[in-house]
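See below for protein_29.cif, which holds mmCIF, C-alpha atoms.
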```cif
data_protein
loop_
_atom_site.label_atom_id
_atom_site.label_comp_id
_atom_site.auth_asym_id
_atom_site.auth_seq_id
_atom_site.Cartn_x
_atom_site.Cartn_y
_atom_site.Cartn_z
CA MET A 575 17.58 52.43 36.12
CA LEU A 576 19.34 52.99 39.45
CA LYS A 577 17.32 54.84 42.04
CA GLN A 578 18.15 58.51 42.31
CA HIS A 579 19.65 58.30 45.78
CA LYS A 580 21.78 55.27 45.04
CA ILE A 581 25.43 55.55 44.06
CA PRO A 582 26.72 52.82 41.71
CA VAL A 583 29.59 50.64 42.91
CA THR A 584 32.15 48.95 40.70
CA ILE A 585 34.16 46.16 42.33
CA LEU A 586 37.50 45.23 40.72
CA THR A 587 38.96 41.94 41.85
CA GLY A 588 41.47 39.40 40.57
CA PHE A 589 44.54 37.51 41.70
CA LEU A 590 47.89 39.14 42.41
CA GLY A 591 49.47 40.87 39.43
CA ALA A 592 46.53 40.41 37.05
CA GLY A 593 46.37 44.08 36.05
CA LYS A 594 43.73 45.59 38.36
CA THR A 595 45.58 48.86 39.02
CA THR A 596 46.19 49.38 35.29
CA LEU A 597 42.48 48.86 34.71
CA LEU A 598 41.64 51.25 37.55
CA ASN A 599 43.77 53.96 35.95
CA ARG A 600 41.92 53.46 32.69
CA LEU A 601 38.65 53.98 34.51
CA LEU A 602 39.90 57.12 36.22
CA SER A 603 41.20 58.63 32.98
CA ASP A 604 37.63 58.68 31.69
CA GLU A 605 35.83 61.99 32.27
CA ARG A 606 32.68 60.15 33.38
CA ASN A 607 34.53 59.03 36.50
CA ARG A 608 35.87 62.46 37.41
CA HIS A 609 33.85 62.40 40.64
CA ALA A 610 34.53 58.80 41.56
CA ALA A 611 35.73 57.83 45.02
CA VAL A 612 38.35 55.09 44.91
CA ILE A 613 38.90 52.60 47.72
CA ILE A 614 42.11 50.61 47.41
CA ASN A 615 42.78 47.59 49.59
CA GLU A 616 46.32 46.20 49.86
CA TYR A 617 47.44 43.00 51.53
CA GLY A 618 50.36 44.52 53.43
CA ASP A 619 50.53 47.65 55.56
CA THR A 620 52.05 49.86 52.89
CA GLY A 621 50.18 51.58 50.07
CA ILE A 622 52.16 50.98 46.88
CA ASP A 623 49.10 50.83 44.62
CA SER A 624 47.70 54.15 45.81
CA GLU A 625 50.96 55.80 44.71
CA LEU A 626 50.43 54.42 41.20
CA VAL A 627 46.83 55.57 40.80
CA ILE A 628 45.70 58.64 38.85
CA ARG A 629 44.44 61.30 41.27
CA THR A 630 40.72 61.98 40.88
CA HIS A 631 38.82 65.17 41.73
CA GLU A 632 37.34 63.49 44.80
CA GLU A 633 38.72 60.80 47.12
CA ILE A 634 41.32 58.04 47.06
CA ILE A 635 41.24 56.00 50.24
CA GLU A 636 43.57 53.21 51.31
CA ILE A 637 42.58 50.28 53.50
CA ASN A 638 45.70 48.34 54.43
CA LYS A 639 46.78 45.76 57.03
CA GLY A 640 44.40 43.09 55.83
CA CYS A 641 41.74 42.19 53.28
CA ILE A 642 38.41 44.00 53.23
CA CYS A 643 36.78 40.60 52.78
CA CYS A 644 37.62 39.64 56.36
CA ASN A 645 39.53 41.35 59.17
CA VAL A 646 39.22 44.93 57.92
CA ARG A 647 35.75 44.64 56.42
CA GLY A 648 34.51 46.96 59.17
CA ASP A 649 36.95 49.58 57.88
CA LEU A 650 35.24 49.46 54.49
CA ILE A 651 31.87 50.23 56.07
CA LYS A 652 33.40 53.09 58.09
CA VAL A 653 34.96 54.59 54.96
CA LEU A 654 31.69 54.38 53.04
CA LYS A 655 29.68 55.91 55.88
CA ASN A 656 32.21 58.74 56.12
CA LEU A 657 31.72 59.42 52.41
CA ILE A 658 27.97 59.55 52.95
CA VAL A 659 28.43 62.16 55.69
CA LYS A 660 30.66 64.25 53.42
CA MET A 661 28.05 64.12 50.69
CA ALA A 662 25.30 65.12 53.10
CA LYS A 663 27.38 68.14 54.10
CA ARG A 664 27.99 68.87 50.40
CA GLU A 665 31.74 68.65 50.96
CA ILE A 666 32.05 66.25 48.02
CA HIS A 667 29.99 65.11 45.07
CA LEU A 668 30.22 61.43 44.20
CA SER A 669 29.15 59.84 40.95
CA ARG A 670 30.51 56.37 41.70
CA ILE A 671 32.47 54.19 44.12
CA ILE A 672 35.26 52.05 42.65
CA ILE A 673 36.76 49.39 44.92
CA GLU A 674 40.01 47.64 44.05
CA THR A 675 40.42 44.62 46.31
CA THR A 676 43.67 42.96 47.23
CA GLY A 677 44.63 40.04 45.02
CA LEU A 678 43.90 37.63 47.87
CA ALA A 679 40.36 38.88 48.57
CA ASP A 680 37.20 36.82 48.27
CA PRO A 681 34.63 39.10 46.56
CA ALA A 682 31.64 37.44 48.25
CA PRO A 683 31.81 39.29 51.60
CA VAL A 684 32.57 42.57 49.81
CA ILE A 685 29.38 42.07 47.82
CA GLN A 686 27.62 41.08 51.02
CA THR A 687 28.57 44.41 52.62
CA PHE A 688 26.30 46.26 50.18
CA LEU A 689 23.42 43.83 50.64
CA MET A 690 23.37 43.19 54.40
CA ASP A 691 24.06 46.60 55.94
CA GLU A 692 20.88 48.71 55.81
CA VAL A 693 22.74 51.99 55.34
CA MET A 694 24.89 50.54 52.58
CA ALA A 695 21.87 49.02 50.84
CA TYR A 696 20.04 52.35 50.95
CA TRP A 697 22.86 54.47 49.53
CA PHE A 698 24.63 52.12 47.14
CA ASP A 699 23.89 49.71 44.30
CA ILE A 700 26.45 47.28 42.92
CA ASP A 701 26.81 48.09 39.23
CA SER A 702 29.29 45.38 38.32
CA VAL A 703 31.85 42.93 39.70
CA CYS A 704 34.83 42.68 37.40
CA THR A 705 37.54 40.04 37.76
CA VAL A 706 40.88 40.48 35.97
CA VAL A 707 42.89 37.32 35.33
CA ASP A 708 46.50 36.97 34.21
CA SER A 709 46.29 34.68 31.18
CA LYS A 710 49.99 33.81 31.44
CA HIS A 711 50.06 32.77 35.09
CA LEU A 712 46.47 31.86 35.90
CA PRO A 713 47.02 28.12 35.19
CA LEU A 714 49.50 28.08 38.10
CA HIS A 715 46.81 29.28 40.52
CA LEU A 716 43.57 28.01 39.05
CA GLU A 717 43.25 25.25 41.66
CA GLN A 718 43.34 27.77 44.52
CA GLU A 719 39.98 28.38 46.15
CA ILE A 720 40.36 32.14 46.23
CA VAL A 721 41.01 32.31 42.47
CA GLN A 722 37.97 30.17 41.77
CA GLU A 723 35.82 32.42 43.97
CA GLN A 724 37.03 35.55 42.18
CA ILE A 725 36.06 34.03 38.86
CA ALA A 726 32.76 32.60 40.07
CA PHE A 727 31.41 35.89 41.45
CA ALA A 728 32.27 38.04 38.43
CA ASP A 729 29.81 39.60 36.00
CA LEU A 730 32.71 40.41 33.67
CA ILE A 731 35.95 38.44 33.39
CA ILE A 732 38.87 40.17 31.71
CA MET A 733 41.48 37.74 30.41
CA ASN A 734 44.46 40.08 30.46
CA LYS A 735 47.98 39.62 29.00
CA VAL A 736 46.73 37.40 26.16
CA ASP A 737 49.75 38.46 24.12
CA LEU A 738 51.85 36.22 26.37
CA VAL A 739 50.04 32.96 25.52
CA SER A 740 49.32 30.97 22.38
CA GLN A 741 45.86 30.75 20.81
CA ASP A 742 45.55 27.12 21.93
CA GLU A 743 46.50 28.00 25.50
CA LEU A 744 44.03 30.87 25.46
CA ALA A 745 41.19 28.70 24.16
CA ASP A 746 41.85 26.05 26.80
CA LEU A 747 42.01 28.61 29.60
CA LYS A 748 38.83 30.33 28.43
CA LEU A 749 37.03 26.97 28.45
CA ARG A 750 38.16 26.30 32.02
CA ILE A 751 36.98 29.76 33.09
CA LYS A 752 33.57 29.31 31.45
CA LYS A 753 33.10 26.05 33.35
CA MET A 754 33.51 28.02 36.59
CA ASN A 755 31.22 30.86 35.51
CA MET A 756 28.91 30.29 32.56
CA THR A 757 27.01 33.58 32.89
CA ALA A 758 29.84 36.15 32.98
CA GLU A 759 30.97 37.92 29.83
CA VAL A 760 34.59 37.11 29.02
CA ILE A 761 36.83 39.68 27.31
CA THR A 762 40.38 39.09 26.08
CA THR A 763 42.82 41.97 26.21
CA THR A 764 46.37 43.16 26.73
CA ASN A 765 47.45 45.81 29.22
CA SER A 766 43.87 45.96 30.63
CA GLU A 767 42.63 47.85 27.54
CA VAL A 768 38.91 47.38 28.13
CA PRO A 769 36.17 49.63 26.71
CA ILE A 770 34.84 51.78 29.55
CA ASN A 771 31.25 51.03 28.58
CA LYS A 772 31.89 47.40 29.49
CA LEU A 773 32.58 48.43 33.09
CA ILE A 774 30.55 51.55 33.86
CA GLY A 775 26.77 51.84 33.91
CA VAL A 776 26.25 48.23 32.83
CA GLN A 777 24.12 47.15 35.83
CA SER A 778 25.29 43.60 35.28
CA PHE A 779 25.26 42.54 38.93
CA ASN A 780 22.68 39.76 39.26
CA LEU A 781 21.86 38.81 42.85
CA SER A 782 19.90 35.68 41.97
CA ALA A 783 22.85 34.38 39.96
CA LYS A 784 25.19 35.05 42.89
CA LEU A 785 22.87 33.22 45.29
CA LYS A 786 23.13 30.15 43.07
CA ILE A 787 26.89 30.26 43.64
CA GLN A 788 26.68 30.89 47.38
CA SER A 789 23.21 30.36 48.84
CA ASN A 790 24.18 31.87 52.22
CA LEU A 791 25.44 35.13 50.69
CA LEU A 792 22.70 37.06 52.51
CA THR A 793 23.49 35.58 55.92
CA GLU A 794 25.61 37.45 58.44
CA SER A 795 28.23 34.78 59.00
CA HIS A 796 31.10 34.49 56.59
CA HIS A 797 34.52 33.06 57.28
CA HIS A 798 37.31 33.42 54.79
CA HIS A 799 40.75 31.97 55.41
CA HIS A 800 43.76 32.95 53.36
CA ASP A 801 46.28 30.37 52.30
CA ASP A 802 48.66 30.23 55.26
CA ASN A 803 51.55 29.61 52.87
CA VAL A 804 51.03 32.98 51.18
CA HIS A 805 52.39 35.99 53.02
CA SER A 806 53.86 39.40 52.35
CA ILE A 807 57.17 41.03 53.22
CA ILE A 808 57.65 44.80 53.12
CA LEU A 809 61.00 46.58 52.89
CA LYS A 810 61.53 50.32 53.33
CA SER A 811 64.47 52.69 53.37
CA ASP A 812 65.15 56.43 53.20
CA LYS A 813 68.63 55.79 51.79
CA PRO A 814 69.13 55.87 48.00
CA LEU A 815 69.70 52.60 46.15
CA PHE A 816 72.54 51.90 43.73
CA LEU A 817 71.10 51.05 40.31
CA ASP A 818 73.70 48.45 39.31
CA ARG A 819 73.14 46.61 42.58
CA VAL A 820 69.37 46.76 42.18
CA ASN A 821 69.68 45.23 38.70
CA LYS A 822 71.91 42.39 39.95
CA TRP A 823 69.66 41.60 42.90
CA PHE A 824 66.44 41.59 40.88
CA THR A 825 68.01 39.46 38.16
CA TYR A 826 68.83 36.92 40.86
CA LEU A 827 65.34 37.10 42.40
CA VAL A 828 63.57 36.61 39.07
CA GLN A 829 65.78 33.69 38.03
CA MET A 830 66.00 31.89 41.37
CA LYS A 831 62.84 32.86 43.25
CA GLY A 832 60.38 33.65 40.46
CA GLU A 833 58.14 30.65 41.00
CA SER A 834 57.61 31.58 44.66
CA LEU A 835 57.01 35.28 43.96
CA TYR A 836 53.33 35.69 43.12
CA ARG A 837 53.59 39.47 43.08
CA TYR A 838 56.28 42.05 43.83
CA LYS A 839 56.12 45.78 43.30
CA GLY A 840 57.44 49.02 44.66
CA ILE A 841 58.73 52.55 44.25
CA LEU A 842 62.48 53.05 44.41
CA ASN A 843 64.64 56.03 45.27
CA VAL A 844 67.68 55.44 43.07
CA LYS A 845 70.90 57.41 43.45
CA ASP A 846 71.47 60.04 40.72
CA ILE A 847 67.99 59.56 39.23
CA ASP A 848 65.57 62.46 39.72
CA ASN A 849 62.47 60.38 38.97
CA ARG A 850 60.79 57.69 41.02
CA VAL A 851 61.57 54.23 39.67
CA VAL A 852 58.49 52.00 39.68
CA PHE A 853 58.88 48.24 39.40
CA GLN A 854 56.32 45.47 39.15
CA GLY A 855 56.68 41.75 38.72
CA VAL A 856 54.67 38.54 38.56
CA HIS A 857 56.64 35.32 38.95
CA MET A 858 59.44 35.53 36.35
CA LEU A 859 58.04 38.51 34.45
CA PHE A 860 59.54 41.77 35.68
CA ALA A 861 59.52 45.37 34.44
CA SER A 862 60.67 48.73 35.77
CA THR A 863 60.10 52.25 34.50
CA GLU A 864 60.97 55.78 35.48
CA ASP A 865 57.90 57.51 36.85
CA ARG A 866 57.30 61.17 37.67
CA LYS A 867 59.91 63.39 39.31
CA TRP A 868 60.20 63.42 43.07
CA LYS A 869 58.41 66.48 44.43
CA PRO A 870 60.61 69.04 46.28
CA ASP A 871 58.75 68.53 49.58
CA GLU A 872 58.30 64.79 49.13
CA PRO A 873 60.46 62.41 51.20
CA ARG A 874 62.54 60.31 48.82
CA LYS A 875 62.24 56.73 49.99
CA SER A 876 62.04 53.20 48.68
CA GLU A 877 59.14 50.88 49.48
CA LEU A 878 58.97 47.29 48.23
CA ILE A 879 56.43 44.55 48.83
CA PHE A 880 56.85 40.87 48.02
CA ILE A 881 53.87 38.48 48.11
CA GLY A 882 54.35 34.76 47.64
CA THR A 883 55.12 31.42 49.20
CA LYS A 884 58.25 30.21 50.99
CA LEU A 885 59.61 33.73 51.21
CA ASP A 886 62.77 34.12 53.30
CA GLU A 887 62.48 37.49 55.02
CA GLU A 888 66.09 37.58 56.20
CA GLU A 889 67.37 36.78 52.72
CA LEU A 890 65.25 39.58 51.22
CA LYS A 891 66.46 42.03 53.86
CA LYS A 892 70.07 41.17 53.06
CA GLY A 893 69.44 41.66 49.34
CA PHE A 894 67.84 45.02 50.04
CA ARG A 895 70.80 46.03 52.19
CA TYR A 896 73.11 45.04 49.33
CA CYS A 897 71.29 47.59 47.14
CA ILE A 898 71.84 50.35 49.73
CA ASP A 899 75.32 49.70 51.17
CA GLU A 900 78.26 49.78 48.72
CA ASN A 901 80.47 47.97 51.24
CA PHE A 902 78.08 45.08 51.82
CA THR A 903 78.67 41.80 49.96
CA LEU A 904 76.01 39.18 49.44
CA GLN A 905 76.25 35.46 48.82
CA ALA A 906 73.20 33.33 48.05
CA GLU A 907 72.70 29.97 46.33
CA GLY A 908 75.93 30.05 44.38
CA TYR A 909 75.72 33.74 43.55
CA PHE A 910 78.28 36.11 44.97
CA PHE A 911 77.41 39.78 44.73
CA ARG A 912 80.09 42.44 45.11
#
```
Kindly transcribe the structure held in the file into structure tokens.
Amino acid sequence: MLKQHKIPVTILTGFLGAGKTTLLNRLLSDERNRHAAVIINEYGDTGIDSELVIRTHEEIIEINKGCICCNVRGDLIKVLKNLIVKMAKREIHLSRIIIETTGLADPAPVIQTFLMDEVMAYWFDIDSVCTVVDSKHLPLHLEQEIVQEQIAFADLIIMNKVDLVSQDELADLKLRIKKMNMTAEVITTTNSEVPINKLIGVQSFNLSAKLKIQSNLLTESHHHHHDDNVHSIILKSDKPLFLDRVNKWFTYLVQMKGESLYRYKGILNVKDIDNRVVFQGVHMLFASTEDRKWKPDEPRKSELIFIGTKLDEEELKKGFRYCIDENFTLQAEGYFFR
């Protein structure tokens, strides 16, 4: 059993677009997590994911402008210590901490935070480290070091989106995953539909197993370098977008740039639509839905983030302008938008 004073920590990790936020919402919809504090880390300096998360009775905290595994790791410790102070003052009651890392984060230094810092080690215990993988697109990224680290450090691996692959493809991918991590439980699912009891109160974190993966996990020094070819581009506007233009532009992006777009998501303010329009995409798979209504005192704005390789910022800015300005025409790679 966990010590009385220790608060369990669930770490959700996984590559871009795997389904972490969907899984997080499933966790937060469970009454047992009503007093959970949620820490969301995003790669760019805008908080799209936090806008898509169910509001809990306690705290939802964003850590942007970098990954908590490296340059903003100190921010994670500050956030956690602030929560401890609030608990000591009885301002909040916390039953659990749930951390959703950015899709480019190495889980090792996040784990290390709770083992090396004396205050963190006293107040918190890691309950589980869960890695969500996109069964459709994982083969495209399986050779990347960061993806291998996310799989290797997991106690539970969720193979999500299995409805998009054949049984033979699934079996082959599962075999490759098990070669990277023979001790983790592997679950197959669609839409991150995982039983809560597989994630909460499982106490599956095994330090000795993690030390076999990375023997220097308990040392202070850790250097993690992101793939320099992967970067993010953020676009924002207070002006409403024209739906027909948005549809044309995204059709072009998916068809012509899909391979380079690891992850793209956002909230759109569309002309003549009273609800927020939420879109999410991974490579050439794209979906958009109408979300809740804009609140009367809420600024209506569009925020988009694109994460991938070989991204042309000027081209994306022009495409975004095309969606806003009815008089702007756009020409790109044989396409002429009016």
Requested in this report: Give me the result of the PyMOL selection byres ((chain A and resi 727-729) around 10) on this file, residue by residue, as a VMD selection string.
Outcome: chain A and resid 585 to 588 680 to 682 685 701 to 706 722 to 726 730 to 732 754 to 760 773 776 to 780 783 to 785 787 to 788
Assuming the chain letters and numbering stay as they are in my file, what does the PyMOL selection byres ((chain A and resi 875) around 10) actually select? List them as a PDB file with C-alpha atoms, keeping the file's coordinate frame.
```pdb
ATOM      1  CA  LYS A 810      61.530  50.320  53.330  1.00  0.00           C
ATOM      2  CA  SER A 811      64.470  52.690  53.370  1.00  0.00           C
ATOM      3  CA  ASP A 812      65.150  56.430  53.200  1.00  0.00           C
ATOM      4  CA  LYS A 813      68.630  55.790  51.790  1.00  0.00           C
ATOM      5  CA  PRO A 814      69.130  55.870  48.000  1.00  0.00           C
ATOM      6  CA  LEU A 815      69.700  52.600  46.150  1.00  0.00           C
ATOM      7  CA  ILE A 841      58.730  52.550  44.250  1.00  0.00           C
ATOM      8  CA  LEU A 842      62.480  53.050  44.410  1.00  0.00           C
ATOM      9  CA  ASN A 843      64.640  56.030  45.270  1.00  0.00           C
ATOM     10  CA  VAL A 844      67.680  55.440  43.070  1.00  0.00           C
ATOM     11  CA  ARG A 850      60.790  57.690  41.020  1.00  0.00           C
ATOM     12  CA  TRP A 868      60.200  63.420  43.070  1.00  0.00           C
ATOM     13  CA  GLU A 872      58.300  64.790  49.130  1.00  0.00           C
ATOM     14  CA  PRO A 873      60.460  62.410  51.200  1.00  0.00           C
ATOM     15  CA  ARG A 874      62.540  60.310  48.820  1.00  0.00           C
ATOM     16  CA  SER A 876      62.040  53.200  48.680  1.00  0.00           C
ATOM     17  CA  GLU A 877      59.140  50.880  49.480  1.00  0.00           C
TER      18      GLU A 877
END
```
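Excluding Leu859 in chain A itself and same-chain residues fewer than 4 positions from it, the residues having an atom within 10 Å of it are Lys710, His711, Val828, Gln829, Gly832, Arg837, Gln854 and Gly855 of chain A, counting only C-alpha atoms.
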Grab the residues selected above and save them as a short mmCIF file (atom, residue, chain, number, x, y, z; two decimals), in the frame of the given file with C-alpha atoms.
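Listed below is the output, result.cif:
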```cif
data_model
loop_
_atom_site.label_atom_id
_atom_site.label_comp_id
_atom_site.auth_asym_id
_atom_site.auth_seq_id
_atom_site.Cartn_x
_atom_site.Cartn_y
_atom_site.Cartn_z
CA LYS A 710 49.99 33.81 31.44
CA HIS A 711 50.06 32.77 35.09
CA VAL A 828 63.57 36.61 39.07
CA GLN A 829 65.78 33.69 38.03
CA GLY A 832 60.38 33.65 40.46
CA ARG A 837 53.59 39.47 43.08
CA GLN A 854 56.32 45.47 39.15
CA GLY A 855 56.68 41.75 38.72
#
```
Report task. Mind checking which residues fall within 12 Å of His857 in chain A, counting all atoms listed in the file, ignoring those fewer than 4 positions away in the same chain, and posting them as a list in words? Result -> Leu590, Gly591, Ala592, Asp708, Lys710, His711, Leu712, Leu714, His715, Phe824, Leu827, Val828, Gln829, Met830, Lys831, Gly832, Glu833, Ser834, Leu835, Tyr836, Arg837, Tyr838, Lys839, Ala861, Phe880, Ile881, Gly882 and Thr883 of chain A
Query raised in the report: Could you work out how far CA of Glu605 in chain A lies from CA of Lys580 in chain A, giving the answer in Å with one decimal?
Result: 20.1 Å
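Shortest separation to Val736 in chain A among A:Met690, A:Leu749, A:Ile761, A:Ile720 occurs at residue A:Ile761, atoms counted being only C-alpha atoms.
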Slice of the block: range 739-749 of chain A, all heavy atoms, as a CSV table (one decimal), in the first residue's frame:
```csv
chain,number,residue,atom,x,y,z
A,739,VAL,N,-5.9,-0.9,-38.4
A,739,VAL,CA,-4.9,-1.8,-39.0
A,739,VAL,C,-5.4,-3.2,-39.0
A,739,VAL,O,-6.4,-3.6,-38.4
A,739,VAL,CB,-3.6,-1.8,-38.1
A,739,VAL,CG1,-3.0,-0.4,-38.1
A,739,VAL,CG2,-3.9,-2.2,-36.6
A,740,SER,N,-4.8,-4.1,-39.9
A,740,SER,CA,-5.2,-5.5,-40.0
A,740,SER,C,-4.7,-6.3,-38.8
A,740,SER,O,-3.8,-5.8,-38.1
A,740,SER,CB,-4.7,-6.0,-41.3
A,740,SER,OG,-3.2,-6.2,-41.2
A,741,GLN,N,-5.2,-7.5,-38.7
A,741,GLN,CA,-4.8,-8.3,-37.6
A,741,GLN,C,-3.3,-8.7,-37.7
A,741,GLN,O,-2.6,-8.8,-36.7
A,741,GLN,CB,-5.7,-9.6,-37.5
A,741,GLN,CG,-7.1,-9.4,-37.0
A,741,GLN,CD,-7.1,-8.8,-35.6
A,741,GLN,OE1,-6.4,-9.4,-34.7
A,741,GLN,NE2,-7.9,-7.8,-35.4
A,742,ASP,N,-2.9,-8.9,-39.0
A,742,ASP,CA,-1.5,-9.3,-39.2
A,742,ASP,C,-0.6,-8.1,-38.8
A,742,ASP,O,0.5,-8.3,-38.2
A,742,ASP,CB,-1.3,-9.7,-40.7
A,742,ASP,CG,-1.8,-11.0,-41.0
A,742,ASP,OD1,-2.1,-11.8,-40.0
A,742,ASP,OD2,-2.0,-11.3,-42.2
A,743,GLU,N,-1.0,-6.9,-39.2
A,743,GLU,CA,-0.2,-5.7,-38.9
A,743,GLU,C,-0.1,-5.5,-37.4
A,743,GLU,O,0.9,-5.2,-36.8
A,743,GLU,CB,-0.8,-4.5,-39.6
A,743,GLU,CG,-0.7,-4.4,-41.1
A,743,GLU,CD,-1.5,-3.3,-41.7
A,743,GLU,OE1,-2.6,-3.0,-41.2
A,743,GLU,OE2,-1.0,-2.7,-42.7
A,744,LEU,N,-1.2,-5.7,-36.7
A,744,LEU,CA,-1.3,-5.6,-35.3
A,744,LEU,C,-0.4,-6.6,-34.6
A,744,LEU,O,0.3,-6.2,-33.7
A,744,LEU,CB,-2.8,-5.8,-34.8
A,744,LEU,CG,-3.0,-5.5,-33.3
A,744,LEU,CD1,-2.7,-4.1,-32.9
A,744,LEU,CD2,-4.5,-5.9,-33.0
A,745,ALA,N,-0.4,-7.8,-35.0
A,745,ALA,CA,0.4,-8.9,-34.4
A,745,ALA,C,1.9,-8.5,-34.6
A,745,ALA,O,2.7,-8.7,-33.7
A,745,ALA,CB,0.1,-10.2,-35.0
A,746,ASP,N,2.3,-8.1,-35.8
A,746,ASP,CA,3.7,-7.7,-36.0
A,746,ASP,C,4.1,-6.6,-35.2
A,746,ASP,O,5.2,-6.6,-34.6
A,746,ASP,CB,3.8,-7.4,-37.5
A,746,ASP,CG,5.3,-7.0,-37.9
A,746,ASP,OD1,6.2,-7.8,-37.8
A,746,ASP,OD2,5.5,-5.8,-38.2
A,747,LEU,N,3.2,-5.6,-35.1
A,747,LEU,CA,3.6,-4.4,-34.3
A,747,LEU,C,3.7,-4.7,-32.8
A,747,LEU,O,4.6,-4.2,-32.1
A,747,LEU,CB,2.5,-3.3,-34.5
A,747,LEU,CG,2.8,-1.9,-33.8
A,747,LEU,CD1,4.1,-1.3,-34.3
A,747,LEU,CD2,1.6,-1.0,-34.1
A,748,LYS,N,2.8,-5.6,-32.3
A,748,LYS,CA,2.8,-6.0,-30.9
A,748,LYS,C,4.1,-6.7,-30.6
A,748,LYS,O,4.7,-6.5,-29.5
A,748,LYS,CB,1.6,-6.8,-30.6
A,748,LYS,CG,1.4,-7.1,-29.1
A,748,LYS,CD,0.1,-7.8,-28.9
A,748,LYS,CE,-0.1,-8.0,-27.4
A,748,LYS,NZ,-1.5,-8.7,-27.1
A,749,LEU,N,4.5,-7.5,-31.5
A,749,LEU,CA,5.8,-8.3,-31.4
A,749,LEU,C,7.0,-7.3,-31.3
A,749,LEU,O,7.9,-7.5,-30.4
A,749,LEU,CB,6.0,-9.3,-32.5
A,749,LEU,CG,7.2,-10.2,-32.5
A,749,LEU,CD1,7.2,-11.1,-31.2
A,749,LEU,CD2,7.3,-11.0,-33.7
```
